[in-house]
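Just structure-v7.cif here, mmCIF, C-alpha atoms:
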```cif
data_my_file
loop_
_atom_site.label_atom_id
_atom_site.label_comp_id
_atom_site.auth_asym_id
_atom_site.auth_seq_id
_atom_site.Cartn_x
_atom_site.Cartn_y
_atom_site.Cartn_z
CA MET A 1 208.95 -13.50 99.52
CA ALA A 2 211.10 -11.51 97.12
CA ALA A 3 213.89 -9.38 98.62
CA ASP A 4 215.18 -7.12 95.83
CA GLY A 5 216.94 -4.14 97.38
CA ALA A 6 214.32 -1.87 98.90
CA TRP A 7 211.40 -4.14 98.04
CA ARG A 8 209.73 -6.87 100.04
CA GLU A 9 206.75 -8.75 98.61
CA PHE A 10 204.55 -10.94 100.71
CA SER A 11 201.06 -12.39 100.64
CA ILE A 12 198.34 -12.84 103.21
CA ARG A 13 195.73 -15.60 103.03
CA THR A 14 192.47 -14.23 104.40
CA ARG A 15 189.88 -16.60 105.91
CA GLN A 16 186.63 -14.64 106.07
CA ARG A 17 184.46 -12.59 103.75
CA SER A 18 185.38 -9.50 105.77
CA GLU A 19 188.11 -9.37 108.35
CA LEU A 20 191.07 -7.44 109.71
CA VAL A 21 194.46 -9.17 109.70
CA GLU A 22 197.11 -7.58 111.87
CA LEU A 23 200.35 -6.85 110.01
CA THR A 24 202.39 -4.90 112.59
CA ASP A 25 204.64 -7.74 113.77
CA GLN A 26 205.19 -9.10 110.26
CA VAL A 27 206.20 -5.68 108.92
CA ASN A 28 208.45 -5.04 111.92
CA HIS A 29 210.18 -8.39 111.28
CA LEU A 30 210.76 -7.37 107.65
CA LEU A 31 212.27 -4.07 108.83
CA ALA A 32 214.56 -5.93 111.23
CA ASP A 33 215.64 -8.42 108.53
CA ALA A 34 216.43 -5.52 106.19
CA GLY A 35 218.45 -3.80 108.94
CA ILE A 36 216.69 -0.48 108.39
CA ARG A 37 216.77 1.76 111.46
CA GLN A 38 215.26 5.04 110.26
CA GLY A 39 213.28 5.95 107.19
CA VAL A 40 209.91 5.44 105.61
CA CYS A 41 207.83 2.34 104.94
CA GLN A 42 205.54 2.54 101.92
CA LEU A 43 203.09 -0.38 102.01
CA SER A 44 200.73 -1.17 99.12
CA VAL A 45 198.04 -3.80 98.76
CA LEU A 46 197.67 -4.54 95.04
CA HIS A 47 193.90 -5.11 95.06
CA THR A 48 190.69 -3.11 94.78
CA THR A 49 188.59 -4.87 97.44
CA ALA A 50 191.12 -4.78 100.29
CA ALA A 51 192.63 -1.89 102.21
CA LEU A 52 195.11 -0.88 104.92
CA LEU A 53 194.15 0.64 108.24
CA VAL A 54 195.79 1.78 111.48
CA ASN A 55 193.75 1.53 114.68
CA GLU A 56 193.39 -0.52 117.87
CA ALA A 57 193.54 -4.33 117.86
CA GLU A 58 190.52 -4.81 120.12
CA PRO A 59 188.12 -7.55 118.92
CA GLY A 60 184.94 -5.62 119.79
CA LEU A 61 186.14 -2.58 117.87
CA ILE A 62 187.01 -4.69 114.82
CA GLU A 63 183.48 -6.15 114.88
CA ASP A 64 181.99 -2.65 115.24
CA LEU A 65 184.07 -1.33 112.36
CA LEU A 66 183.07 -4.08 109.92
CA ARG A 67 179.39 -3.78 110.95
CA THR A 68 179.41 0.01 110.66
CA LEU A 69 180.91 -0.16 107.16
CA ASP A 70 178.25 -2.78 106.24
CA ARG A 71 175.56 -0.40 107.48
CA LEU A 72 176.95 2.58 105.56
CA ILE A 73 177.74 0.65 102.36
CA PRO A 74 175.53 -2.46 102.30
CA ALA A 75 175.92 -5.34 99.84
CA ASP A 76 173.18 -4.00 97.57
CA PRO A 77 171.99 -5.98 94.54
CA ALA A 78 171.14 -2.70 92.79
CA TYR A 79 174.73 -1.54 92.32
CA ALA A 80 175.77 -1.00 88.70
CA HIS A 81 179.12 -2.78 89.17
CA PRO A 82 178.62 -6.21 87.60
CA ASP A 83 180.65 -8.47 89.87
CA GLY A 84 178.38 -8.39 92.93
CA ASN A 85 181.17 -6.94 95.08
CA GLY A 86 180.63 -3.22 94.52
CA HIS A 87 180.29 -2.66 98.27
CA ALA A 88 183.72 -4.24 98.82
CA HIS A 89 185.31 -1.89 96.25
CA MET A 90 183.68 1.16 97.82
CA LYS A 91 184.72 0.28 101.38
CA ALA A 92 188.27 -0.35 100.18
CA ALA A 93 188.30 2.96 98.29
CA LEU A 94 187.25 4.84 101.43
CA LEU A 95 190.05 3.34 103.55
CA GLY A 96 192.76 3.32 100.86
CA SER A 97 195.10 0.66 99.51
CA SER A 98 198.43 2.20 100.51
CA LYS A 99 199.92 3.50 103.74
CA THR A 100 203.04 5.53 104.41
CA LEU A 101 204.53 5.10 107.87
CA SER A 102 207.67 6.39 109.55
CA ILE A 103 210.36 3.91 110.61
CA ARG A 104 212.08 4.92 113.85
CA ASP A 105 214.58 2.88 115.88
CA GLY A 106 214.06 -0.05 113.51
CA ARG A 107 210.29 -0.26 113.93
CA LEU A 108 207.11 1.29 112.55
CA LEU A 109 206.37 4.53 114.38
CA LEU A 110 203.05 3.71 116.04
CA GLY A 111 201.44 4.74 119.32
CA THR A 112 200.81 2.30 122.18
CA TRP A 113 197.34 1.36 120.93
CA GLN A 114 198.00 1.56 117.20
CA SER A 115 198.24 -1.56 115.02
CA LEU A 116 198.53 -1.87 111.26
CA PHE A 117 195.90 -4.04 109.56
CA LEU A 118 195.11 -5.49 106.18
CA VAL A 119 191.35 -5.13 105.74
CA GLU A 120 189.66 -7.81 103.66
CA PHE A 121 186.25 -6.96 102.18
CA ASP A 122 185.85 -9.73 99.57
CA GLY A 123 187.53 -12.83 100.95
CA PRO A 124 188.61 -15.42 101.51
CA ARG A 125 191.45 -14.60 99.11
CA GLU A 126 195.21 -14.55 98.72
CA ARG A 127 196.29 -10.90 98.93
CA GLN A 128 199.56 -9.53 97.54
CA LEU A 129 201.36 -6.76 99.39
CA VAL A 130 204.50 -4.82 98.53
CA LEU A 131 206.64 -3.05 101.09
CA GLN A 132 209.05 -0.38 99.91
CA LEU A 133 211.76 0.55 102.42
CA LEU A 134 213.35 3.98 102.19
CA SER A 135 216.29 4.75 104.46
CA ALA A 136 216.65 8.30 105.76
CA MET B 137 209.71 19.40 121.89
CA ALA B 138 212.44 16.96 120.94
CA ALA B 139 214.64 17.84 117.95
CA ASP B 140 216.65 14.72 117.12
CA GLY B 141 217.84 14.96 113.50
CA ALA B 142 214.87 14.47 111.23
CA TRP B 143 212.34 14.14 114.04
CA ARG B 144 210.20 16.73 115.73
CA GLU B 145 207.79 15.72 118.49
CA PHE B 146 205.08 17.99 119.76
CA SER B 147 201.79 17.77 121.61
CA ILE B 148 198.44 19.47 121.22
CA ARG B 149 196.05 20.02 124.11
CA THR B 150 192.50 19.67 122.77
CA ARG B 151 189.62 21.45 124.53
CA GLN B 152 186.42 19.84 123.24
CA ARG B 153 185.02 16.34 122.87
CA SER B 154 185.25 16.74 119.09
CA GLU B 155 187.12 19.52 117.34
CA LEU B 156 189.54 20.43 114.58
CA VAL B 157 192.80 22.12 115.58
CA GLU B 158 194.68 23.80 112.77
CA LEU B 159 198.32 22.71 112.51
CA THR B 160 199.49 24.41 109.31
CA ASP B 161 201.33 27.36 110.88
CA GLN B 162 202.88 25.24 113.60
CA VAL B 163 204.22 22.69 111.11
CA ASN B 164 205.49 25.44 108.81
CA HIS B 165 207.36 26.97 111.77
CA LEU B 166 208.96 23.59 112.48
CA LEU B 167 210.04 23.34 108.83
CA ALA B 168 211.54 26.83 108.98
CA ASP B 169 213.38 26.06 112.22
CA ALA B 170 214.79 22.89 110.67
CA GLY B 171 215.90 24.83 107.58
CA ILE B 172 214.35 22.30 105.23
CA ARG B 173 213.51 23.78 101.81
CA GLN B 174 212.38 20.81 99.75
CA GLY B 175 211.36 17.30 100.70
CA VAL B 176 208.60 15.38 102.40
CA CYS B 177 206.84 15.83 105.72
CA GLN B 178 205.53 12.64 107.31
CA LEU B 179 203.20 13.53 110.18
CA SER B 180 201.78 10.93 112.57
CA VAL B 181 199.35 11.25 115.46
CA LEU B 182 200.10 8.40 117.88
CA HIS B 183 196.49 7.77 118.95
CA THR B 184 193.48 5.74 117.84
CA THR B 185 190.72 8.31 118.45
CA ALA B 186 192.31 11.28 116.65
CA ALA B 187 193.15 11.84 113.00
CA LEU B 188 194.72 14.21 110.48
CA LEU B 189 192.82 16.02 107.74
CA VAL B 190 193.42 18.58 105.00
CA ASN B 191 190.55 20.86 104.04
CA GLU B 192 189.31 24.44 104.40
CA ALA B 193 189.49 26.34 107.70
CA GLU B 194 185.94 27.71 107.53
CA PRO B 195 184.02 27.44 110.84
CA GLY B 196 180.71 26.42 109.24
CA LEU B 197 182.38 23.64 107.30
CA ILE B 198 184.12 22.34 110.43
CA GLU B 199 180.75 22.23 112.21
CA ASP B 200 179.19 20.43 109.21
CA LEU B 201 182.00 17.90 109.10
CA LEU B 202 181.78 16.97 112.78
CA ARG B 203 177.97 16.75 112.60
CA THR B 204 178.02 14.67 109.44
CA LEU B 205 180.48 12.21 110.98
CA ASP B 206 178.23 12.05 114.10
CA ARG B 207 175.27 11.25 111.87
CA LEU B 208 177.15 8.55 109.94
CA ILE B 209 178.84 7.00 112.99
CA PRO B 210 176.77 7.92 116.07
CA ALA B 211 177.89 7.38 119.64
CA ASP B 212 175.92 4.14 119.97
CA PRO B 213 175.69 2.28 123.29
CA ALA B 214 175.36 -1.00 121.36
CA TYR B 215 178.92 -1.05 120.02
CA ALA B 216 180.96 -4.07 121.08
CA HIS B 217 184.05 -1.99 121.92
CA PRO B 218 184.07 -1.75 125.73
CA ASP B 219 185.37 1.78 126.33
CA GLY B 220 182.30 3.73 125.16
CA ASN B 221 184.33 5.51 122.48
CA GLY B 222 183.94 3.08 119.57
CA HIS B 223 182.51 5.86 117.39
CA ALA B 224 185.64 7.94 117.98
CA HIS B 225 187.88 5.04 116.90
CA MET B 226 185.84 4.46 113.75
CA LYS B 227 185.80 8.11 112.71
CA ALA B 228 189.55 8.31 113.27
CA ALA B 229 190.09 5.11 111.26
CA LEU B 230 188.16 6.55 108.31
CA LEU B 231 190.24 9.74 108.21
CA GLY B 232 193.61 8.18 109.06
CA SER B 233 196.27 8.95 111.66
CA SER B 234 199.14 9.85 109.33
CA LYS B 235 199.61 12.28 106.48
CA THR B 236 202.39 12.63 103.92
CA LEU B 237 202.80 16.10 102.45
CA SER B 238 205.31 17.66 100.07
CA ILE B 239 207.60 20.42 101.32
CA ARG B 240 208.29 23.07 98.68
CA ASP B 241 210.10 26.38 99.13
CA GLY B 242 210.33 25.74 102.86
CA ARG B 243 206.61 25.24 103.43
CA LEU B 244 203.95 22.52 103.22
CA LEU B 245 202.67 22.28 99.65
CA LEU B 246 199.01 23.24 100.09
CA GLY B 247 196.51 25.08 97.91
CA THR B 248 195.11 28.51 98.79
CA TRP B 249 192.17 27.06 100.72
CA GLN B 250 193.87 24.01 102.20
CA SER B 251 194.78 23.77 105.88
CA LEU B 252 196.15 20.85 107.88
CA PHE B 253 194.17 19.84 110.95
CA LEU B 254 194.40 17.53 113.91
CA VAL B 255 190.93 16.05 114.38
CA GLU B 256 189.96 15.21 117.94
CA PHE B 257 187.11 12.70 118.42
CA ASP B 258 187.52 11.79 122.10
CA GLY B 259 188.76 14.88 123.90
CA PRO B 260 189.65 16.89 125.73
CA ARG B 261 193.08 15.19 125.68
CA GLU B 262 196.78 15.79 125.27
CA ARG B 263 197.71 14.43 121.82
CA GLN B 264 201.22 13.42 120.78
CA LEU B 265 202.37 14.04 117.22
CA VAL B 266 205.60 13.16 115.44
CA LEU B 267 206.89 14.96 112.38
CA GLN B 268 209.52 13.26 110.25
CA LEU B 269 211.37 15.58 107.86
CA LEU B 270 212.91 14.09 104.72
CA SER B 271 215.07 16.34 102.54
CA ALA B 272 214.99 15.77 98.80
CA MET C 273 203.49 22.10 82.71
CA ALA C 274 206.40 23.18 84.85
CA ALA C 275 209.35 20.80 85.16
CA ASP C 276 211.56 22.14 87.93
CA GLY C 277 213.76 19.32 89.21
CA ALA C 278 211.61 16.89 91.15
CA TRP C 279 208.38 18.79 90.52
CA ARG C 280 205.80 18.39 87.79
CA GLU C 281 202.70 20.59 87.75
CA PHE C 282 199.71 19.86 85.58
CA SER C 283 196.03 20.69 85.43
CA ILE C 284 192.92 18.69 84.66
CA ARG C 285 189.80 20.22 83.20
CA THR C 286 186.79 18.40 84.66
CA ARG C 287 183.49 18.29 82.72
CA GLN C 288 180.84 17.22 85.24
CA ARG C 289 179.64 18.27 88.66
CA SER C 290 180.96 14.97 90.03
CA GLU C 291 183.22 12.61 88.14
CA LEU C 292 186.33 10.45 88.25
CA VAL C 293 189.15 11.28 85.83
CA GLU C 294 191.75 8.58 85.38
CA LEU C 295 195.32 9.80 85.90
CA THR C 296 197.35 6.57 85.72
CA ASP C 297 198.62 6.92 82.15
CA GLN C 298 199.33 10.63 82.48
CA VAL C 299 201.36 10.12 85.66
CA ASN C 300 203.22 7.17 84.13
CA HIS C 301 204.13 9.35 81.15
CA LEU C 302 205.50 12.01 83.53
CA LEU C 303 207.59 9.35 85.29
CA ALA C 304 208.95 8.14 81.93
CA ASP C 305 209.76 11.70 80.82
CA ALA C 306 211.60 12.30 84.08
CA GLY C 307 213.52 9.05 83.66
CA ILE C 308 212.78 7.92 87.20
CA ARG C 309 212.95 4.14 87.63
CA GLN C 310 212.50 3.60 91.35
CA GLY C 311 211.29 5.84 94.12
CA VAL C 312 208.19 7.51 95.43
CA CYS C 313 205.53 9.62 93.76
CA GLN C 314 203.85 12.18 96.00
CA LEU C 315 200.77 13.57 94.24
CA SER C 316 198.74 16.50 95.59
CA VAL C 317 195.57 18.14 94.34
CA LEU C 318 195.59 21.75 95.59
CA HIS C 319 191.86 22.05 96.20
CA THR C 320 189.33 21.35 98.96
CA THR C 321 186.48 19.92 96.84
CA ALA C 322 188.48 17.36 94.84
CA ALA C 323 190.35 14.24 95.92
CA LEU C 324 192.56 11.37 94.80
CA LEU C 325 191.51 7.73 94.79
CA VAL C 326 192.88 4.33 93.75
CA ASN C 327 190.37 1.69 92.64
CA GLU C 328 189.04 -0.07 89.55
CA ALA C 329 188.24 1.81 86.31
CA GLU C 330 184.88 0.12 85.75
CA PRO C 331 182.08 2.53 84.74
CA GLY C 332 179.40 0.86 86.87
CA LEU C 333 181.58 1.02 89.95
CA ILE C 334 182.34 4.70 89.35
CA GLU C 335 178.61 5.41 89.13
CA ASP C 336 178.00 3.40 92.34
CA LEU C 337 180.76 5.24 94.17
CA LEU C 338 179.47 8.72 93.30
CA ARG C 339 175.88 7.72 94.16
CA THR C 340 176.89 6.12 97.44
CA LEU C 341 178.81 9.22 98.48
CA ASP C 342 175.76 11.35 97.52
CA ARG C 343 173.57 9.13 99.71
CA LEU C 344 175.95 9.32 102.68
CA ILE C 345 176.72 13.05 102.34
CA PRO C 346 173.84 14.65 100.41
CA ALA C 347 173.87 18.19 99.04
CA ASP C 348 171.92 19.56 102.01
CA PRO C 349 170.76 23.19 102.12
CA ALA C 350 171.02 23.10 105.93
CA TYR C 351 174.83 22.90 106.07
CA ALA C 352 176.49 25.78 107.90
CA HIS C 353 179.19 26.22 105.22
CA PRO C 354 178.10 29.29 103.24
CA ASP C 355 179.14 28.38 99.68
CA GLY C 356 176.53 25.69 98.98
CA ASN C 357 179.23 23.08 98.38
CA GLY C 358 179.71 21.75 101.89
CA HIS C 359 178.95 18.20 100.72
CA ALA C 360 181.77 18.46 98.15
CA HIS C 361 184.24 19.53 100.85
CA MET C 362 183.22 16.68 103.14
CA LYS C 363 183.45 14.02 100.44
CA ALA C 364 186.88 15.31 99.43
CA ALA C 365 188.01 15.35 103.07
CA LEU C 366 186.99 11.68 103.48
CA LEU C 367 188.98 10.55 100.43
CA GLY C 368 191.97 12.88 100.87
CA SER C 369 193.77 15.32 98.61
CA SER C 370 197.18 13.66 98.46
CA LYS C 371 198.42 10.20 97.60
CA THR C 372 201.81 8.58 98.07
CA LEU C 373 202.61 5.75 95.66
CA SER C 374 205.68 3.63 95.04
CA ILE C 375 207.47 3.91 91.69
CA ARG C 376 208.87 0.56 90.53
CA ASP C 377 210.44 -0.23 87.14
CA GLY C 378 209.57 3.27 85.94
CA ARG C 379 205.86 3.06 86.68
CA LEU C 380 203.42 3.54 89.53
CA LEU C 381 203.23 0.35 91.60
CA LEU C 382 199.60 -0.67 91.12
CA GLY C 383 197.83 -4.00 90.91
CA THR C 384 196.18 -5.29 87.72
CA TRP C 385 192.83 -3.71 88.54
CA GLN C 386 194.06 -0.56 90.25
CA SER C 387 193.85 2.86 88.59
CA LEU C 388 194.62 6.30 89.99
CA PHE C 389 191.83 8.88 89.75
CA LEU C 390 191.23 12.53 90.35
CA VAL C 391 187.78 12.79 91.95
CA GLU C 392 185.82 15.94 91.19
CA PHE C 393 182.97 16.85 93.57
CA ASP C 394 182.30 20.48 92.60
CA GLY C 395 182.93 20.76 88.86
CA PRO C 396 183.24 21.54 86.13
CA ARG C 397 186.53 23.18 87.09
CA GLU C 398 190.19 23.47 86.22
CA ARG C 399 192.09 21.48 88.85
CA GLN C 400 195.78 21.98 89.70
CA LEU C 401 197.91 18.99 90.62
CA VAL C 402 201.53 18.75 91.73
CA LEU C 403 203.63 15.63 91.39
CA GLN C 404 206.79 15.34 93.48
CA LEU C 405 209.22 12.66 92.30
CA LEU C 406 211.64 11.16 94.80
CA SER C 407 214.31 8.78 93.53
CA ALA C 408 215.33 5.91 95.77
#
```
Could you render the structure from this file as structure tokens?
Amino acid sequence: MAADGAWREFSIRTRQRSELVELTDQVNHLLADAGIRQGVCQLSVLHTTAALLVNEAEPGLIEDLLRTLDRLIPADPAYAHPDGNGHAHMKAALLGSSKTLSIRDGRLLLGTWQSLFLVEFDGPRERQLVLQLLSA
Amino acid sequence: MAADGAWREFSIRTRQRSELVELTDQVNHLLADAGIRQGVCQLSVLHTTAALLVNEAEPGLIEDLLRTLDRLIPADPAYAHPDGNGHAHMKAALLGSSKTLSIRDGRLLLGTWQSLFLVEFDGPRERQLVLQLLSA
Amino acid sequence: MAADGAWREFSIRTRQRSELVELTDQVNHLLADAGIRQGVCQLSVLHTTAALLVNEAEPGLIEDLLRTLDRLIPADPAYAHPDGNGHAHMKAALLGSSKTLSIRDGRLLLGTWQSLFLVEFDGPRERQLVLQLLSA
């Protein structure tokens, strides 16, 4: 992990073709290490077949979400994209590869049931993330 | 409403199962009260079955949008999520629970036809929102 | 193009009904002109039938993405929205009209395969964009 001023780089090793990996605790630890109490966290995943998402960490819901996205954007051999992972790109594009979150009292500002996830659509892979910390 | 430095908390009482509630004027009033002229507005809804959206405040379009999302992600008794509101979580996840907007000349930077909405997918409920104001 | 402090305004002339226009180089040139090395780029498109997207600049994928969105949200004469472009509004609402990106070493922080696009859903049109630059 690089720690150059406002920047924190880290990687996540995904294990499945499609999965959600919870990042909330890891990001909160990085905020605590940096000593930032109030500001903004700008998180970016540097890939085109992975995304970031905030919702509830309930296993049934995670299963529903991945299945629903598979139903809406199936792995279709007729896509024009040549790498066979066009569906993964499109799902990632819909959810987005960056997330801006408030930092309050040294932690991500999230509701009781909200968790921050990396969403893998073309794993298993090593995914690079960059966290930018902005004090306010 | 709490007014602690850069933070403004407010709640919205929704009235329908699914609806859009326009927030533009309310947020602009909060910016005016805070005296912020230029900067960034980071708005978060602290729930997993509600979202934020920017588009046109035309009643037909709002009806189309809610119906289209119902068609794409129906309330399906076969979801694995146990609370019966899996569709509401998934719709909210697609749209996102936070929004970053520029503040210019004391107001949200929006085009002529753009409005900011809270999107309720599992109402009627009291929804908590947090606005973080960053001067620039 | 206006250059008033932190603000840069520019317009993009789209050529098709639906298309992706790559913005990465143009935005990076604006960052270089402004001399900003590290901070945040807040980009807004001031319209309700266009959006911003980060993904790969591969022509097959772009074709797949526009076709998939057409399949999910077809141009349907039964929409309640009166202007005949309800599908364009809904697609734009799903993708979002603003994007927050980190600026690192004088450029947008993007992965090797990531490009920033304006997405047109109701062209050909002249589209207004506003870039807010925040040093950090």
A:Asn55, A:Ser102, A:Gln16, A:Asn85: which is nearest chain C, counting all atoms listed in the file? A:Asn85
Option closest in space to A:Leu133, from C:Val312, C:Leu366, C:Leu344, C:Ala278 [counting all atoms listed in the file]: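 Comparing C:Val312, C:Leu366, C:Leu344, C:Ala278 against A:Leu133, the winner is C:Val312.
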Which one is closest to C:Glu291: C:Ala322, C:Ala304, C:Ile345, C:Ala408? Count all atoms listed in the file.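 The answer is C:Ala322, which sits nearest to C:Glu291.
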Could you check how far atom CA of C:Val317 sits from atom CA of B:Thr236, in Å to one decimal?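 Separation of atom CA of C:Val317 and atom CA of B:Thr236: 13.0 Å.
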Give as an MDAnalysis selection string every residue of chain C that touches chain A within 12 Å, counting all atoms listed in the file. chainID C and resid 310:314 323:345 363:368 370:377 380:389 391 406:408
Would you mind exporting the chosen residues as a short mmCIF file (atom, residue, chain, number, x, y, z; two decimals), keeping the file's coordinate frame, restricted to C-alpha atoms?
```cif
data_model
loop_
_atom_site.label_atom_id
_atom_site.label_comp_id
_atom_site.auth_asym_id
_atom_site.auth_seq_id
_atom_site.Cartn_x
_atom_site.Cartn_y
_atom_site.Cartn_z
CA GLN C 310 212.50 3.60 91.35
CA GLY C 311 211.29 5.84 94.12
CA VAL C 312 208.19 7.51 95.43
CA CYS C 313 205.53 9.62 93.76
CA GLN C 314 203.85 12.18 96.00
CA ALA C 323 190.35 14.24 95.92
CA LEU C 324 192.56 11.37 94.80
CA LEU C 325 191.51 7.73 94.79
CA VAL C 326 192.88 4.33 93.75
CA ASN C 327 190.37 1.69 92.64
CA GLU C 328 189.04 -0.07 89.55
CA ALA C 329 188.24 1.81 86.31
CA GLU C 330 184.88 0.12 85.75
CA PRO C 331 182.08 2.53 84.74
CA GLY C 332 179.40 0.86 86.87
CA LEU C 333 181.58 1.02 89.95
CA ILE C 334 182.34 4.70 89.35
CA GLU C 335 178.61 5.41 89.13
CA ASP C 336 178.00 3.40 92.34
CA LEU C 337 180.76 5.24 94.17
CA LEU C 338 179.47 8.72 93.30
CA ARG C 339 175.88 7.72 94.16
CA THR C 340 176.89 6.12 97.44
CA LEU C 341 178.81 9.22 98.48
CA ASP C 342 175.76 11.35 97.52
CA ARG C 343 173.57 9.13 99.71
CA LEU C 344 175.95 9.32 102.68
CA ILE C 345 176.72 13.05 102.34
CA LYS C 363 183.45 14.02 100.44
CA ALA C 364 186.88 15.31 99.43
CA ALA C 365 188.01 15.35 103.07
CA LEU C 366 186.99 11.68 103.48
CA LEU C 367 188.98 10.55 100.43
CA GLY C 368 191.97 12.88 100.87
CA SER C 370 197.18 13.66 98.46
CA LYS C 371 198.42 10.20 97.60
CA THR C 372 201.81 8.58 98.07
CA LEU C 373 202.61 5.75 95.66
CA SER C 374 205.68 3.63 95.04
CA ILE C 375 207.47 3.91 91.69
CA ARG C 376 208.87 0.56 90.53
CA ASP C 377 210.44 -0.23 87.14
CA LEU C 380 203.42 3.54 89.53
CA LEU C 381 203.23 0.35 91.60
CA LEU C 382 199.60 -0.67 91.12
CA GLY C 383 197.83 -4.00 90.91
CA THR C 384 196.18 -5.29 87.72
CA TRP C 385 192.83 -3.71 88.54
CA GLN C 386 194.06 -0.56 90.25
CA SER C 387 193.85 2.86 88.59
CA LEU C 388 194.62 6.30 89.99
CA PHE C 389 191.83 8.88 89.75
CA VAL C 391 187.78 12.79 91.95
CA LEU C 406 211.64 11.16 94.80
CA SER C 407 214.31 8.78 93.53
CA ALA C 408 215.33 5.91 95.77
#
```
7 Å contact set for B:Arg263, only C-alpha atoms, chain neighbours under 3 positions out, as a PyMOL selection string: chain B and resi 147-149
Between atom CA of B:Ser154 and atom CA of C:Gly356, what is the spacing in Å?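 Separating atom CA of C:Gly356 from atom CA of B:Ser154 is a distance of 23.7 Å.
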Could you expand the PyMOL selection byres ((chain A and resi 123) around 8) into the explicit residues it covers here, written as an MDAnalysis selection string? chainID A and resid 14:18 120:122 124:125
Could you dump the residues just selected with C-alpha atoms as an mmCIF file, in the coordinates of the input?
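New file part-v2.cif:
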```cif
data_model
loop_
_atom_site.group_PDB
_atom_site.id
_atom_site.type_symbol
_atom_site.label_atom_id
_atom_site.label_comp_id
_atom_site.auth_asym_id
_atom_site.auth_seq_id
_atom_site.Cartn_x
_atom_site.Cartn_y
_atom_site.Cartn_z
ATOM 1 C CA THR A 14 192.470 -14.230 104.400
ATOM 2 C CA ARG A 15 189.880 -16.600 105.910
ATOM 3 C CA GLN A 16 186.630 -14.640 106.070
ATOM 4 C CA ARG A 17 184.460 -12.590 103.750
ATOM 5 C CA SER A 18 185.380 -9.500 105.770
ATOM 6 C CA GLU A 120 189.660 -7.810 103.660
ATOM 7 C CA PHE A 121 186.250 -6.960 102.180
ATOM 8 C CA ASP A 122 185.850 -9.730 99.570
ATOM 9 C CA PRO A 124 188.610 -15.420 101.510
ATOM 10 C CA ARG A 125 191.450 -14.600 99.110
#
```
To one decimal in Å, tell me the separation between atom CA of B:Phe146 and atom CA of B:Ala170.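 Pair atom CA of B:Phe146 / atom CA of B:Ala170 returns 14.2 Å.
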Between C:Ala347, C:Ala360, C:Leu390, C:Arg379, which residue has the minimum interatomic distance to C:Gly307, considering all atoms listed in the file?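 Checking each of C:Ala347, C:Ala360, C:Leu390, C:Arg379 against C:Gly307, counting all atoms listed in the file, the winner is C:Arg379.
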